[in-house]
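A short write-up of the structure that comes next.
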Amino acid sequence: MKRALCAMLTLALLISCLGSASAAVLEVGSKGSDVVKVQQRLIKYGYLSGTADGRYGEKTRKAVLWFQRKNGLTQDGKVGPATAAALGVTLSGSKSSAPASASSGYVSSDHRLLAKLVYAEARGEPYKGQVAVAAVVLNRVASASFPNTVSGVIYQSGAFSCVENGSINNTPDSNCIRAALDALNGWDPTGGCLYYYNANTAKDRWIFSRTVQTVIGNHSFAV
């Protein structure tokens, strides 16, 4: 079931907050609930084994370094704003780019990451197609066949080429920021699709077996 953000923000505020930095940093020696959240994401994405014990030791540092290297981030073994956003967690004391309603289930880091995905995957597409790409991610979140978080869907192994090639880390433009918010607010131009592809460049033959519901720009959207 599509969940929507209840608060609409001005575009200027979104752009400003998207680039804002926080002093919150986790490193070796850190302890507590923030460390647990980071460890849980690292475990979920396959970068860390064991349990989330809330202690930022050498094992966690190495897992963070691996995640940073894999995703084109600064490799310092610390979890600052950029790494936290890529992991899909909000550290205590961090500034959020968009308040989420109690019923939305989405937080500021989801909007940031979704905007980056839209920019990496669809920045040359019509605006409606950009919203559609974001909607596909949210449809996957709502589906029992995929991870149940925005970051989990985007960072699922093999799901998006932009994660593998590092373009997920580029700064999104204002259109992509707005497109991500429109999708979070409930606009789904695909009508519930879980997949999209460019028929001219797709190399995975399996994707052509999916039933296409609509075509927007260069992307076919399918179930």
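Numbering starts fresh at 1 for the residues of each chain in the structure tokens, the chains themselves are lettered A, B, ... in the order given, and ligands are numbered from 1 as they appear.
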
Next item on the list: Write out as number ranges by chain the residues lying within 9 Å of Leu42 (chain A), counting only C-alpha atoms and excluding same-chain residues fewer than 3 positions away.
Entry: A: 37-39, 45-49, 60, 63-64, 67, 87

Checklist line | For CA of Glu125 (chain A) and CA of Ser145 (chain A), the interatomic separation in Å (one decimal) | finding: 27.1 Å

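Of the listed residues (A:Leu184, A:Ala115, A:Thr51, A:Gly217), A:Ala115 comes nearest to Ile168 (chain A); the distances count only C-alpha atoms.
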
Next item on the list: Just the helix (DSSP H, G or I) stuff from region 19-188 of chain A, please, per backbone DSSP, written as a VMD selection string.
Entry: chain A and resid 33 to 44 58 to 70 81 to 87 108 to 122 127 to 142 150 to 154 161 to 165 167 to 169 174 to 184

Notebook entry, point to check: Could you pull the residues within 10 Å of Val25 (chain A), counting only C-alpha atoms, minus those fewer than 4 positions along the same chain, as a ChimeraX atom specification?
Noted result: /A:30,34,78-81,83-84,91-94

Note to self: For a test of reading the model, state the distance in Å between CA of Ala132 (chain A) and CA of Val118 (chain A), rounded to one decimal.
What the structure shows: 9.1 Å
